[in-house]
>>> print(open('upload.cif').read())   # mmCIF, C-alpha atoms and all ligand atoms
data_my_file
#
loop_
_atom_site.label_atom_id
_atom_site.label_comp_id
_atom_site.auth_asym_id
_atom_site.auth_seq_id
_atom_site.Cartn_x
_atom_site.Cartn_y
_atom_site.Cartn_z
CA MET A 9 75.06 -188.16 -108.80
CA LEU A 10 77.94 -190.05 -110.27
CA ALA A 11 80.05 -190.74 -107.20
CA GLY A 12 82.40 -193.65 -107.85
CA LYS A 13 81.08 -194.29 -111.38
CA ARG A 14 83.75 -195.17 -113.93
CA ILE A 15 83.35 -193.67 -117.37
CA LEU A 16 85.48 -194.46 -120.39
CA LEU A 17 85.25 -191.32 -122.53
CA ILE A 18 86.26 -191.59 -126.18
CA ILE A 19 86.93 -188.25 -127.84
CA ALA A 20 86.86 -188.53 -131.62
CA GLY A 21 87.90 -185.90 -134.15
CA GLY A 22 85.40 -183.08 -134.47
CA ILE A 23 85.29 -179.41 -133.64
CA ALA A 24 82.82 -180.28 -130.85
CA ALA A 25 85.70 -182.02 -129.02
CA TYR A 26 86.33 -178.77 -127.15
CA LYS A 27 82.99 -179.29 -125.35
CA SER A 28 84.26 -182.64 -124.09
CA LEU A 29 86.67 -180.78 -121.83
CA ASP A 30 83.71 -179.17 -120.09
CA LEU A 31 82.03 -182.59 -119.98
CA ILE A 32 85.06 -184.09 -118.20
CA ARG A 33 85.02 -181.24 -115.68
CA ARG A 34 81.31 -181.77 -114.96
CA LEU A 35 81.67 -185.53 -114.62
CA THR A 36 84.65 -185.35 -112.30
CA GLU A 37 82.93 -182.67 -110.21
CA ALA A 38 79.95 -185.04 -109.90
CA GLY A 39 82.29 -187.68 -108.50
CA ALA A 40 82.87 -189.82 -111.60
CA LYS A 41 86.23 -191.27 -112.56
CA VAL A 42 86.82 -190.46 -116.21
CA THR A 43 89.32 -192.47 -118.24
CA PRO A 44 89.88 -190.58 -121.48
CA VAL A 45 90.73 -192.00 -124.88
CA VAL A 46 91.57 -189.53 -127.63
CA THR A 47 91.64 -190.69 -131.25
CA ARG A 48 94.33 -189.54 -133.65
CA ALA A 49 91.88 -187.07 -135.22
CA GLY A 50 90.56 -186.06 -131.80
CA ALA A 51 94.06 -184.96 -130.82
CA GLN A 52 93.91 -182.43 -133.67
CA PHE A 53 91.08 -180.66 -131.84
CA VAL A 54 91.95 -180.98 -128.14
CA THR A 55 95.37 -181.50 -126.66
CA PRO A 56 95.76 -184.77 -124.76
CA LEU A 57 97.52 -182.69 -122.11
CA SER A 58 94.41 -180.64 -121.31
CA VAL A 59 92.27 -183.80 -121.36
CA ALA A 60 94.64 -185.51 -118.90
CA ALA A 61 94.80 -182.44 -116.68
CA LEU A 62 91.01 -182.17 -116.41
CA ALA A 63 90.45 -185.91 -115.96
CA GLY A 64 93.35 -186.14 -113.53
CA ARG A 65 94.31 -189.37 -115.27
CA LYS A 66 96.37 -190.74 -118.11
CA VAL A 67 95.02 -190.34 -121.64
CA TYR A 68 95.00 -193.48 -123.79
CA ARG A 69 95.73 -192.87 -127.46
CA ASP A 70 97.21 -195.72 -129.39
CA LEU A 71 96.32 -199.37 -129.72
CA PHE A 72 99.94 -200.32 -130.14
CA ASP A 73 101.26 -198.29 -127.27
CA LEU A 74 103.14 -201.09 -125.52
CA THR A 75 103.46 -199.17 -122.30
CA ASP A 76 99.70 -199.04 -122.13
CA GLU A 77 99.42 -202.75 -122.86
CA ALA A 78 101.81 -203.46 -120.02
CA GLU A 79 99.73 -201.35 -117.66
CA MET A 80 96.30 -202.39 -118.86
CA GLY A 81 95.41 -204.39 -121.95
CA HIS A 82 92.86 -202.90 -124.31
CA ILE A 83 90.32 -205.59 -123.49
CA GLU A 84 90.62 -204.81 -119.81
CA LEU A 85 90.42 -201.07 -120.51
CA SER A 86 87.18 -201.61 -122.45
CA ARG A 87 85.59 -203.32 -119.46
CA ALA A 88 87.01 -201.40 -116.52
CA ALA A 89 84.19 -198.88 -116.79
CA ASP A 90 80.50 -198.71 -115.93
CA LEU A 91 79.73 -196.89 -119.16
CA VAL A 92 81.51 -196.09 -122.42
CA VAL A 93 80.75 -192.60 -123.74
CA VAL A 94 81.70 -191.39 -127.23
CA ALA A 95 81.65 -187.59 -127.41
CA PRO A 96 81.93 -186.35 -130.03
CA ALA A 97 80.88 -189.40 -132.05
CA THR A 98 81.87 -188.59 -135.62
CA ALA A 99 80.23 -190.01 -138.74
CA ASP A 100 83.40 -192.02 -139.32
CA LEU A 101 83.53 -193.56 -135.86
CA MET A 102 79.79 -194.35 -136.01
CA ALA A 103 80.40 -196.13 -139.35
CA LYS A 104 83.23 -198.12 -137.82
CA MET A 105 81.09 -199.04 -134.82
CA ALA A 106 78.18 -200.11 -137.01
CA ALA A 107 80.44 -202.25 -139.19
CA GLY A 108 82.44 -203.69 -136.29
CA HIS A 109 85.84 -202.35 -137.31
CA ALA A 110 88.75 -202.51 -134.88
CA ASP A 111 91.59 -200.66 -136.56
CA ASP A 112 92.52 -198.22 -133.82
CA LEU A 113 92.23 -198.01 -130.05
CA ALA A 114 88.77 -196.35 -129.96
CA SER A 115 87.08 -198.75 -132.39
CA THR A 116 88.76 -201.75 -130.74
CA LEU A 117 87.55 -200.70 -127.29
CA LEU A 118 84.03 -200.22 -128.66
CA LEU A 119 84.07 -203.68 -130.22
CA ALA A 120 85.57 -205.36 -127.15
CA THR A 121 83.46 -203.75 -124.45
CA ASP A 122 80.72 -205.55 -122.58
CA LYS A 123 79.42 -202.31 -121.06
CA PRO A 124 76.63 -200.00 -122.24
CA VAL A 125 77.66 -197.40 -124.81
CA LEU A 126 76.34 -193.84 -125.13
CA ILE A 127 77.16 -191.76 -128.21
CA ALA A 128 76.87 -187.98 -128.64
CA PRO A 129 76.98 -187.54 -132.43
CA ALA A 130 78.47 -184.37 -133.89
CA MET A 131 78.84 -183.71 -137.58
CA ASN A 132 77.85 -181.54 -140.52
CA VAL A 133 74.12 -181.50 -141.35
CA ARG A 134 74.55 -183.28 -144.70
CA MET A 135 76.72 -185.96 -143.13
CA TRP A 136 74.09 -186.48 -140.41
CA GLN A 137 71.33 -186.72 -142.99
CA HIS A 138 73.26 -188.92 -145.42
CA PRO A 139 71.60 -192.32 -145.98
CA ALA A 140 74.83 -194.05 -144.90
CA THR A 141 74.78 -192.30 -141.51
CA ARG A 142 71.03 -193.03 -141.18
CA ARG A 143 71.74 -196.70 -141.80
CA ASN A 144 74.66 -196.76 -139.36
CA LEU A 145 72.63 -195.02 -136.68
CA ALA A 146 69.73 -197.45 -137.11
CA THR A 147 72.18 -200.35 -136.74
CA LEU A 148 73.75 -198.85 -133.61
CA LEU A 149 70.37 -198.15 -131.98
CA ALA A 150 69.22 -201.67 -132.82
CA ASP A 151 72.43 -202.93 -131.18
CA GLY A 152 71.36 -201.16 -127.98
CA VAL A 153 73.70 -198.17 -128.24
CA ARG A 154 72.20 -195.13 -126.52
CA MET A 155 72.31 -191.68 -128.04
CA VAL A 156 72.09 -188.12 -126.75
CA GLY A 157 71.47 -185.28 -129.23
CA PRO A 158 72.44 -184.10 -131.71
CA GLY A 159 70.91 -180.65 -131.41
CA THR A 160 69.86 -178.32 -134.19
CA GLY A 161 71.53 -174.99 -134.77
CA ALA A 162 74.33 -173.06 -136.41
CA MET A 163 77.41 -175.18 -137.03
CA ALA A 164 81.10 -174.40 -137.08
CA CYS A 165 81.08 -175.12 -140.83
CA GLY A 166 78.58 -172.30 -141.40
CA GLU A 167 75.57 -174.50 -142.15
CA PHE A 168 72.44 -174.79 -140.06
CA GLY A 169 70.53 -177.88 -139.00
CA PRO A 170 70.79 -181.05 -136.94
CA GLY A 171 74.28 -182.29 -136.15
CA ARG A 172 75.50 -180.13 -133.25
CA MET A 173 76.79 -182.19 -130.38
CA ALA A 174 74.50 -182.13 -127.32
CA GLU A 175 75.56 -179.68 -124.65
CA PRO A 176 77.78 -181.12 -121.87
CA ALA A 177 74.99 -180.69 -119.29
CA ASP A 178 72.65 -182.80 -121.44
CA ILE A 179 75.32 -185.44 -122.03
CA ALA A 180 75.88 -185.58 -118.26
CA THR A 181 72.11 -186.07 -117.76
CA ALA A 182 72.10 -188.86 -120.37
CA ILE A 183 75.04 -190.48 -118.59
CA GLU A 184 73.11 -190.42 -115.31
CA ALA A 185 70.13 -192.01 -117.04
CA ALA A 186 72.28 -194.68 -118.69
CA LEU A 187 73.83 -195.48 -115.31
CA GLY A 188 70.44 -195.54 -113.61
CA THR A 189 71.27 -192.65 -111.33
CA GLY A 190 68.82 -190.01 -112.69
CA PRO A 191 66.55 -188.17 -110.22
CA LEU A 192 63.41 -189.87 -111.61
CA GLN A 193 64.80 -193.37 -111.14
CA GLY A 194 62.05 -195.67 -109.86
CA ARG A 195 59.25 -193.28 -110.90
CA HIS A 196 56.63 -194.17 -113.49
CA ILE A 197 55.21 -191.47 -115.75
CA VAL A 198 52.53 -191.74 -118.44
CA VAL A 199 52.79 -189.41 -121.44
CA THR A 200 50.23 -189.07 -124.23
CA SER A 201 51.24 -187.60 -127.57
CA GLY A 202 50.28 -187.04 -131.19
CA PRO A 203 46.89 -186.59 -132.81
CA THR A 204 44.11 -189.13 -132.77
CA HIS A 205 42.44 -190.53 -135.87
CA GLU A 206 38.70 -190.99 -135.63
CA PRO A 207 37.45 -193.25 -138.44
CA ILE A 208 34.65 -192.18 -140.74
CA ASP A 209 34.86 -195.37 -142.79
CA PRO A 210 37.74 -197.80 -143.50
CA VAL A 211 39.65 -195.21 -145.58
CA ARG A 212 38.72 -191.84 -144.07
CA TYR A 213 39.22 -190.30 -140.67
CA ILE A 214 39.02 -187.07 -138.69
CA ALA A 215 42.45 -185.86 -137.59
CA ASN A 216 44.40 -182.74 -136.67
CA ARG A 217 47.79 -181.22 -137.42
CA SER A 218 49.62 -182.25 -134.25
CA SER A 219 53.08 -183.67 -135.11
CA GLY A 220 53.69 -185.27 -131.71
CA ALA A 221 56.99 -183.36 -131.41
CA GLN A 222 56.36 -181.86 -127.96
CA GLY A 223 55.00 -185.07 -126.45
CA SER A 224 57.90 -187.10 -127.83
CA ALA A 225 60.40 -184.60 -126.45
CA ILE A 226 58.76 -184.69 -123.02
CA ALA A 227 58.74 -188.48 -122.89
CA GLY A 228 62.42 -188.51 -123.95
CA ALA A 229 63.39 -185.91 -121.35
CA LEU A 230 61.62 -187.81 -118.57
CA ALA A 231 63.31 -191.05 -119.60
CA GLY A 232 66.55 -189.05 -119.69
CA LEU A 233 66.11 -188.30 -115.99
CA GLY A 234 65.66 -191.99 -115.31
CA ALA A 235 61.86 -192.30 -115.25
CA ARG A 236 60.07 -195.38 -116.53
CA VAL A 237 57.87 -193.84 -119.20
CA SER A 238 54.69 -195.30 -120.68
CA PHE A 239 54.30 -193.41 -123.95
CA VAL A 240 50.81 -193.63 -125.45
CA THR A 241 50.83 -192.09 -128.89
CA GLY A 242 48.39 -191.48 -131.69
CA PRO A 243 49.62 -191.57 -135.32
CA ALA A 244 52.36 -188.94 -134.94
CA ARG A 245 54.81 -187.70 -137.56
CA VAL A 246 57.71 -187.55 -135.10
CA PRO A 247 59.19 -190.88 -133.99
CA ALA A 248 58.86 -192.09 -130.40
CA PRO A 249 61.94 -191.42 -128.27
CA GLN A 250 64.41 -194.09 -127.21
CA GLY A 251 64.04 -195.86 -123.92
CA VAL A 252 60.26 -195.59 -123.41
CA ALA A 253 57.52 -198.22 -123.54
CA VAL A 254 55.40 -197.30 -126.57
CA THR A 255 51.70 -198.07 -127.03
CA ARG A 256 50.35 -196.98 -130.39
CA VAL A 257 46.66 -196.12 -130.66
CA GLU A 258 44.40 -194.46 -133.22
CA THR A 259 41.31 -193.21 -131.46
CA ALA A 260 40.66 -191.18 -128.31
CA ARG A 261 38.78 -194.12 -126.81
CA ALA A 262 41.74 -196.44 -127.43
CA MET A 263 44.06 -193.80 -125.96
CA LEU A 264 42.01 -193.63 -122.76
CA ALA A 265 42.03 -197.43 -122.47
CA ALA A 266 45.82 -197.52 -122.96
CA VAL A 267 46.35 -194.78 -120.35
CA GLU A 268 44.12 -196.56 -117.83
CA ALA A 269 45.99 -199.80 -118.47
CA ALA A 270 49.32 -198.03 -117.84
CA LEU A 271 48.27 -196.71 -114.40
CA PRO A 272 49.27 -196.47 -111.58
CA ALA A 273 51.81 -193.74 -112.21
CA ASP A 274 53.54 -191.03 -110.22
CA ALA A 275 52.75 -188.41 -112.84
CA ALA A 276 50.90 -188.11 -116.15
CA VAL A 277 51.50 -185.61 -118.94
CA PHE A 278 48.72 -185.26 -121.50
CA ALA A 279 50.37 -183.74 -124.55
CA ALA A 280 48.17 -185.49 -127.13
CA ALA A 281 45.90 -183.42 -129.34
CA VAL A 282 42.86 -185.60 -128.82
CA ALA A 283 39.90 -185.26 -131.18
CA ASP A 284 36.86 -183.94 -129.34
CA TRP A 285 34.41 -186.07 -131.31
CA HIS A 286 34.16 -189.42 -133.03
CA VAL A 287 31.76 -190.56 -135.73
CA THR A 288 29.08 -192.83 -134.28
CA ASN A 289 27.84 -194.12 -137.62
CA ALA A 290 31.25 -194.87 -139.14
CA GLY A 291 30.70 -197.18 -142.11
CA ALA A 292 32.14 -200.67 -142.34
CA ALA A 293 32.57 -200.10 -146.10
CA LYS A 294 33.89 -197.07 -147.99
CA THR A 295 31.19 -194.41 -148.28
CA LYS A 296 30.13 -193.91 -151.93
CA LYS A 297 28.73 -190.89 -153.69
CA THR A 298 25.02 -191.30 -154.29
CA ALA A 299 23.21 -190.90 -157.61
CA ASP A 300 21.18 -187.96 -156.35
CA GLY A 301 24.29 -186.15 -155.04
CA ALA A 302 23.10 -186.14 -151.42
CA PRO A 303 26.15 -185.88 -149.10
CA PRO A 304 26.52 -188.44 -146.32
CA VAL A 305 25.39 -187.52 -142.82
CA TRP A 306 27.97 -188.40 -140.20
CA GLU A 307 26.87 -188.17 -136.62
CA LEU A 308 29.29 -187.14 -133.95
CA ALA A 309 29.49 -187.99 -130.26
CA GLU A 310 31.86 -186.50 -127.73
CA ASN A 311 35.07 -188.39 -126.98
CA PRO A 312 36.07 -189.14 -123.41
CA ASP A 313 38.29 -186.43 -121.97
CA ILE A 314 41.35 -188.42 -120.97
CA LEU A 315 42.97 -185.63 -118.98
CA ALA A 316 39.80 -184.84 -117.01
CA THR A 317 39.09 -188.54 -116.44
CA VAL A 318 42.52 -189.17 -114.94
CA ALA A 319 42.68 -185.83 -113.06
CA GLN A 320 39.37 -186.62 -111.38
CA MET A 321 40.16 -190.20 -110.43
CA ALA A 322 39.94 -191.27 -106.80
CA ARG A 323 43.03 -190.45 -104.76
CA ASP A 324 44.34 -194.04 -104.74
CA ARG A 325 44.39 -194.24 -108.56
CA ARG A 326 45.16 -190.64 -109.50
CA PRO A 327 48.82 -189.85 -110.28
CA ALA A 328 50.19 -187.32 -107.77
CA LEU A 329 50.90 -184.86 -110.56
CA VAL A 330 48.56 -184.51 -113.56
CA ILE A 331 49.61 -182.13 -116.31
CA GLY A 332 47.63 -180.95 -119.33
CA PHE A 333 48.22 -178.71 -122.31
CA ALA A 334 45.97 -175.89 -123.38
CA ALA A 335 46.54 -175.04 -127.01
CA GLU A 336 44.60 -171.85 -127.61
CA THR A 337 44.42 -169.18 -130.27
CA ASP A 338 43.09 -166.30 -128.17
CA ASP A 339 42.93 -165.19 -124.56
CA VAL A 340 45.45 -167.93 -123.88
CA ILE A 341 46.18 -167.49 -120.16
CA ALA A 342 42.57 -166.89 -119.10
CA GLN A 343 41.35 -169.87 -121.13
CA ALA A 344 44.09 -172.13 -119.80
CA THR A 345 43.54 -171.08 -116.19
CA ALA A 346 39.83 -171.83 -116.52
CA LYS A 347 40.66 -175.14 -118.21
CA ARG A 348 42.98 -176.15 -115.37
CA ALA A 349 40.14 -175.66 -112.87
CA ARG A 350 37.54 -177.33 -115.10
CA LYS A 351 39.62 -180.44 -115.78
CA GLY A 352 40.98 -180.73 -112.24
CA CYS A 353 44.63 -181.10 -113.24
CA ASP A 354 47.58 -179.75 -111.24
CA TRP A 355 49.50 -177.97 -113.97
CA MET A 356 48.50 -176.65 -117.35
CA LEU A 357 51.00 -175.72 -120.03
CA ALA A 358 49.36 -173.02 -122.09
CA ASN A 359 50.51 -172.23 -125.58
CA ASP A 360 49.34 -169.98 -128.36
CA VAL A 361 48.83 -172.06 -131.49
CA SER A 362 47.63 -169.26 -133.79
CA PRO A 363 49.01 -170.05 -137.28
CA GLU A 364 51.34 -166.99 -137.18
CA THR A 365 53.25 -168.41 -134.17
CA GLY A 366 54.40 -171.42 -136.25
CA ILE A 367 54.22 -173.55 -133.08
CA MET A 368 51.88 -176.29 -134.34
CA GLY A 369 54.22 -178.64 -136.21
CA GLY A 370 57.24 -176.34 -135.68
CA ALA A 371 60.46 -176.90 -133.68
CA GLU A 372 59.82 -174.21 -131.07
CA ASN A 373 57.26 -173.55 -128.41
CA ALA A 374 56.39 -170.63 -126.12
CA VAL A 375 54.53 -171.90 -123.06
CA THR A 376 53.16 -170.50 -119.84
CA LEU A 377 53.11 -172.87 -116.90
CA ILE A 378 49.93 -172.47 -114.89
CA THR A 379 49.90 -173.95 -111.41
CA GLU A 380 47.83 -173.26 -108.32
CA SER A 381 50.22 -170.41 -107.52
CA GLY A 382 49.71 -168.59 -110.81
CA ALA A 383 51.10 -168.23 -114.33
CA GLU A 384 54.79 -168.38 -115.19
CA ALA A 385 55.73 -167.43 -118.76
CA TRP A 386 58.71 -169.33 -120.16
CA PRO A 387 60.73 -167.72 -122.95
CA ARG A 388 60.28 -169.09 -126.47
CA MET A 389 62.63 -172.07 -126.84
CA THR A 390 62.93 -175.34 -128.73
CA LYS A 391 60.42 -178.07 -127.90
CA ASP A 392 63.36 -180.12 -126.59
CA ALA A 393 64.29 -177.32 -124.20
CA VAL A 394 60.65 -177.00 -123.02
CA ALA A 395 60.67 -180.75 -122.44
CA ARG A 396 63.88 -180.68 -120.40
CA ARG A 397 62.66 -177.78 -118.28
CA LEU A 398 59.33 -179.49 -117.67
CA ALA A 399 61.04 -182.79 -116.79
CA ARG A 400 63.21 -180.98 -114.22
CA ARG A 401 60.13 -179.33 -112.72
CA ILE A 402 58.36 -182.66 -112.52
CA ALA A 403 61.38 -184.19 -110.77
CA ASP A 404 61.39 -181.30 -108.27
CA ALA A 405 57.62 -181.57 -107.68
CA LEU A 406 57.88 -185.31 -107.04
CA GLY A 407 60.66 -184.59 -104.57
CA ALA A 408 63.06 -186.60 -106.67
O1 LIG A 501 39.92 -179.36 -123.90
P1 LIG A 501 41.18 -179.31 -124.64
O2 LIG A 501 41.26 -180.29 -125.78
O3 LIG A 501 41.62 -177.95 -125.07
O4 LIG A 501 42.27 -179.76 -123.54
C1 LIG A 501 43.56 -179.98 -123.87
C2 LIG A 501 44.19 -180.92 -122.89
O5 LIG A 501 43.31 -181.99 -122.58
C3 LIG A 501 45.43 -181.58 -123.43
O6 LIG A 501 46.30 -181.85 -122.36
C4 LIG A 501 44.89 -182.86 -124.04
O7 LIG A 501 45.87 -183.86 -124.12
C5 LIG A 501 43.78 -183.22 -123.08
N1 LIG A 501 42.65 -183.90 -123.68
C6 LIG A 501 42.43 -185.23 -123.39
N2 LIG A 501 41.33 -185.87 -123.92
C7 LIG A 501 40.46 -185.21 -124.71
C8 LIG A 501 40.69 -183.87 -125.02
C9 LIG A 501 41.79 -183.25 -124.50
O8 LIG A 501 43.22 -185.83 -122.68
N3 LIG A 501 39.42 -185.85 -125.20
#
>>> encode(input="upload.cif", output="structure tokens")
Amino acid sequence: MLAGKRILLIIAGGIAAYKSLDLIRRLTEAGAKVTPVVTRAGAQFVTPLSVAALAGRKVYRDLFDLTDEAEMGHIELSRAADLVVVAPATADLMAKMAAGHADDLASTLLLATDKPVLIAPAMNVRMWQHPATRRNLATLLADGVRMVGPGTGAMACGEFGPGRMAEPADIATAIEAALGTGPLQGRHIVVTSGPTHEPIDPVRYIANRSSGAQGSAIAGALAGLGARVSFVTGPARVPAPQGVAVTRVETARAMLAAVEAALPADAAVFAAAVADWHVTNAGAAKTKKTADGAPPVWELAENPDILATVAQMARDRRPALVIGFAAETDDVIAQATAKRARKGCDWMLANDVSPETGIMGGAENAVTLITESGAEAWPRMTKDAVARRLARRIADALGA
């Protein structure tokens, strides 16, 4: 809910600017007051007239528009908002923001504001991946700028990849989170993610192929709805999302300790691919080949089951909603249903990780949500979309 919230929306020049019209409509319908700023290039993609009509307010365009200065100086304009949103944020405007330029109204407002800033980048794949944009983005994030998207998909320029502006509904959700009005505000959720590494000796370990993509997306989506997220991650390939408290661990035993330290929580999502065993006789020195060619004997002991441990905690410590994943290669639903009962968790997200599905390490997932009322198959979708849907369900289940 955005009733009474004031949003300064900067529309820069990109084909995605047409989506900003829908964003304005959503924000005003949710009760926000949107003050639009359209850059010179932005006006090539959307007409200031349609922007003004949808916002129901004047559109600001030019730094040296004296009429504007008489009504409201640019410094005042930059501060008379609860949040500054840049959608679309082009590579050029991000570069200006990162370098602190102030050569037009948009860049000047962004330099002068004392309010939080949320950007929704939109650009060609190569521009998004260019080292200059990477550097600028890192600078902006380090400066505390928030970001939503970009998504991956077909682009107006005919290429495919990351760089599509986030959908208006997702930008609206990110705005709610940035303003502290998301439905999970005040809730604490623990999320585990990534593989674990179980040492064999100082240089070798037992691991698995989990990238951490699904867990990262879930943590990000929960934070996006306003939750305080404790993100406990093994050595994942995918970076941790913005806006979560990260604890990095290596082993299953360290992961359990970190999860226990993070409790109490309203909900816990166990997306980590935890190793089932650890080596009990791990060497303090690197294991050497022996003269007689005898291979080393490594003894294994079972790791603690973090999900089962938390799911079976006493009522006063157990999160109200405990969610596990069941990655299976055959008989997926039956296995996952049995696993839900065995571990004592509330929900189980079952997925088929047979190599031919491409799910392990891939961008998409096809899950079935198993609850006490049965199995609900979700269509195949991106891991981000699975995360957003799950986050919504969690918010509903917590009565948020
Ligand atoms: O038993 P299995 O590994 O298939 O169970 C998968 C679920 O249990 C996942 O949610 C995973 O995060 C969790 N798990 C755990 N600790 C373990 C093993 C699995 O939390 N030691």
>>> residues_near_ligand(input="upload.cif", ligand="ligand LIG 501 (chain A)", cutoff="7 Å", atoms="only C-alpha atoms and all ligand atoms", output="list in words")
Thr200, Ala260, Phe278, Ala279, Ala280, Ala281, Val282, Ala283, Asp284, Asn311, Pro312, Asp313, Ile314, Leu315, Ala316, Ile331, Gly332, Phe333, Ala334 and Ala335 of chain A
>>> write_last_selection(input="upload.cif", atoms="C-alpha atoms", output="short mmCIF file (atom, residue, chain, number, x, y, z; two decimals), keeping the file's coordinate frame")
data_model
loop_
_atom_site.label_atom_id
_atom_site.label_comp_id
_atom_site.auth_asym_id
_atom_site.auth_seq_id
_atom_site.Cartn_x
_atom_site.Cartn_y
_atom_site.Cartn_z
CA THR A 200 50.23 -189.07 -124.23
CA ALA A 260 40.66 -191.18 -128.31
CA PHE A 278 48.72 -185.26 -121.50
CA ALA A 279 50.37 -183.74 -124.55
CA ALA A 280 48.17 -185.49 -127.13
CA ALA A 281 45.90 -183.42 -129.34
CA VAL A 282 42.86 -185.60 -128.82
CA ALA A 283 39.90 -185.26 -131.18
CA ASP A 284 36.86 -183.94 -129.34
CA ASN A 311 35.07 -188.39 -126.98
CA PRO A 312 36.07 -189.14 -123.41
CA ASP A 313 38.29 -186.43 -121.97
CA ILE A 314 41.35 -188.42 -120.97
CA LEU A 315 42.97 -185.63 -118.98
CA ALA A 316 39.80 -184.84 -117.01
CA ILE A 331 49.61 -182.13 -116.31
CA GLY A 332 47.63 -180.95 -119.33
CA PHE A 333 48.22 -178.71 -122.31
CA ALA A 334 45.97 -175.89 -123.38
CA ALA A 335 46.54 -175.04 -127.01
#
>>> closest_residue(input="upload.cif", among="A:Pro210, A:Gly169, A:Gly21, A:Gly159", to="Met102 of chain A", atoms="only C-alpha atoms")
A:Gly21
>>> closest_residue(input="upload.cif", among="A:Ala328, A:Ala99, A:Ala399, A:Ala344", to="Gly382 of chain A", atoms="all atoms listed in the file")
A:Ala344
>>> residues_around(input="upload.cif", residues="Leu308 of chain A", least_positions_apart="2", cutoff="12 Å", atoms="only C-alpha atoms", output="PyMOL selection string")
chain A and resi 206-208+214+283-290+305-306+310-311
>>> atom_distance(input="upload.cif", atom1="atom CA of Thr47 of chain A", atom2="atom CA of His109 of chain A")
14.4 Å
>>> residues_around(input="upload.cif", residues="Leu91 of chain A", least_positions_apart="6", cutoff="8 Å", atoms="all atoms listed in the file", output="short mmCIF file (atom, residue, chain, number, x, y, z; two decimals) with C-alpha atoms, in the coordinates of the input")
data_model
loop_
_atom_site.label_atom_id
_atom_site.label_comp_id
_atom_site.auth_asym_id
_atom_site.auth_seq_id
_atom_site.Cartn_x
_atom_site.Cartn_y
_atom_site.Cartn_z
CA ARG A 14 83.75 -195.17 -113.93
CA ILE A 15 83.35 -193.67 -117.37
CA LEU A 16 85.48 -194.46 -120.39
CA LYS A 123 79.42 -202.31 -121.06
CA PRO A 124 76.63 -200.00 -122.24
CA VAL A 125 77.66 -197.40 -124.81
CA LEU A 126 76.34 -193.84 -125.13
CA ILE A 183 75.04 -190.48 -118.59
CA ALA A 186 72.28 -194.68 -118.69
CA LEU A 187 73.83 -195.48 -115.31
#
>>> closest_residue(input="upload.cif", among="A:Leu35, A:Val267, A:Leu118, A:Ala24", to="Arg325 of chain A", atoms="all atoms listed in the file")
A:Val267
>>> closest_residue(input="upload.cif", among="A:Asp30, A:Glu268, A:Asp111, A:Asp360", to="Asp178 of chain A", atoms="all atoms listed in the file")
A:Asp30
>>> closest_residue(input="upload.cif", among="A:Val59, A:Leu192, A:Ile19, A:Met173", to="Leu101 of chain A", atoms="all atoms listed in the file")
A:Ile19
>>> atom_distance(input="upload.cif", atom1="atom CA of Met155 of chain A", atom2="atom CA of Pro272 of chain A")
28.7 Å
>>> residues_around(input="upload.cif", residues="Thr345 of chain A", least_positions_apart="3", cutoff="8 Å", atoms="all atoms listed in the file", output="CSV table (one decimal) with C-alpha atoms, in the coordinates of the input")
chain,number,residue,atom,x,y,z
A,341,ILE,CA,46.2,-167.5,-120.2
A,342,ALA,CA,42.6,-166.9,-119.1
A,348,ARG,CA,43.0,-176.2,-115.4
A,349,ALA,CA,40.1,-175.7,-112.9
A,356,MET,CA,48.5,-176.6,-117.4
A,378,ILE,CA,49.9,-172.5,-114.9
>>> axis_aligned_box(input="upload.cif", around="segment 201-216 of chain A", padding_each_side="5 Å", output="lines of an AutoDock Vina configuration file")
center_x = 42.9
center_y = -190.3
center_z = -136.6
size_x = 26.6
size_y = 25.1
size_z = 28.0
>>> closest_residue(input="upload.cif", among="A:Arg172, A:His196, A:Lys391, A:Arg69", to="Leu230 of chain A", atoms="all atoms listed in the file")
A:His196
>>> atom_distance(input="upload.cif", atom1="atom CA of Glu364 of chain A", atom2="atom CA of Thr376 of chain A")
17.8 Å
>>> residues_near_point(input="upload.cif", point="(72.6, -192.1, -114.3)", cutoff="10 Å", atoms="only C-alpha atoms", output="PyMOL selection string")
chain A and resi 9-10+13+91+180-193+232-234
>>> write_last_selection(input="upload.cif", atoms="C-alpha atoms", output="JSON list (two decimals), in the coordinates of the input")
[["chain", "number", "residue", "atom", "x", "y", "z"],
["A", 9, "MET", "CA", 75.06, -188.16, -108.80],
["A", 10, "LEU", "CA", 77.94, -190.05, -110.27],
["A", 13, "LYS", "CA", 81.08, -194.29, -111.38],
["A", 91, "LEU", "CA", 79.73, -196.89, -119.16],
["A", 180, "ALA", "CA", 75.88, -185.58, -118.26],
["A", 181, "THR", "CA", 72.11, -186.07, -117.76],
["A", 182, "ALA", "CA", 72.10, -188.86, -120.37],
["A", 183, "ILE", "CA", 75.04, -190.48, -118.59],
["A", 184, "GLU", "CA", 73.11, -190.42, -115.31],
["A", 185, "ALA", "CA", 70.13, -192.01, -117.04],
["A", 186, "ALA", "CA", 72.28, -194.68, -118.69],
["A", 187, "LEU", "CA", 73.83, -195.48, -115.31],
["A", 188, "GLY", "CA", 70.44, -195.54, -113.61],
["A", 189, "THR", "CA", 71.27, -192.65, -111.33],
["A", 190, "GLY", "CA", 68.82, -190.01, -112.69],
["A", 191, "PRO", "CA", 66.55, -188.17, -110.22],
["A", 192, "LEU", "CA", 63.41, -189.87, -111.61],
["A", 193, "GLN", "CA", 64.80, -193.37, -111.14],
["A", 232, "GLY", "CA", 66.55, -189.05, -119.69],
["A", 233, "LEU", "CA", 66.11, -188.30, -115.99],
["A", 234, "GLY", "CA", 65.66, -191.99, -115.31]]
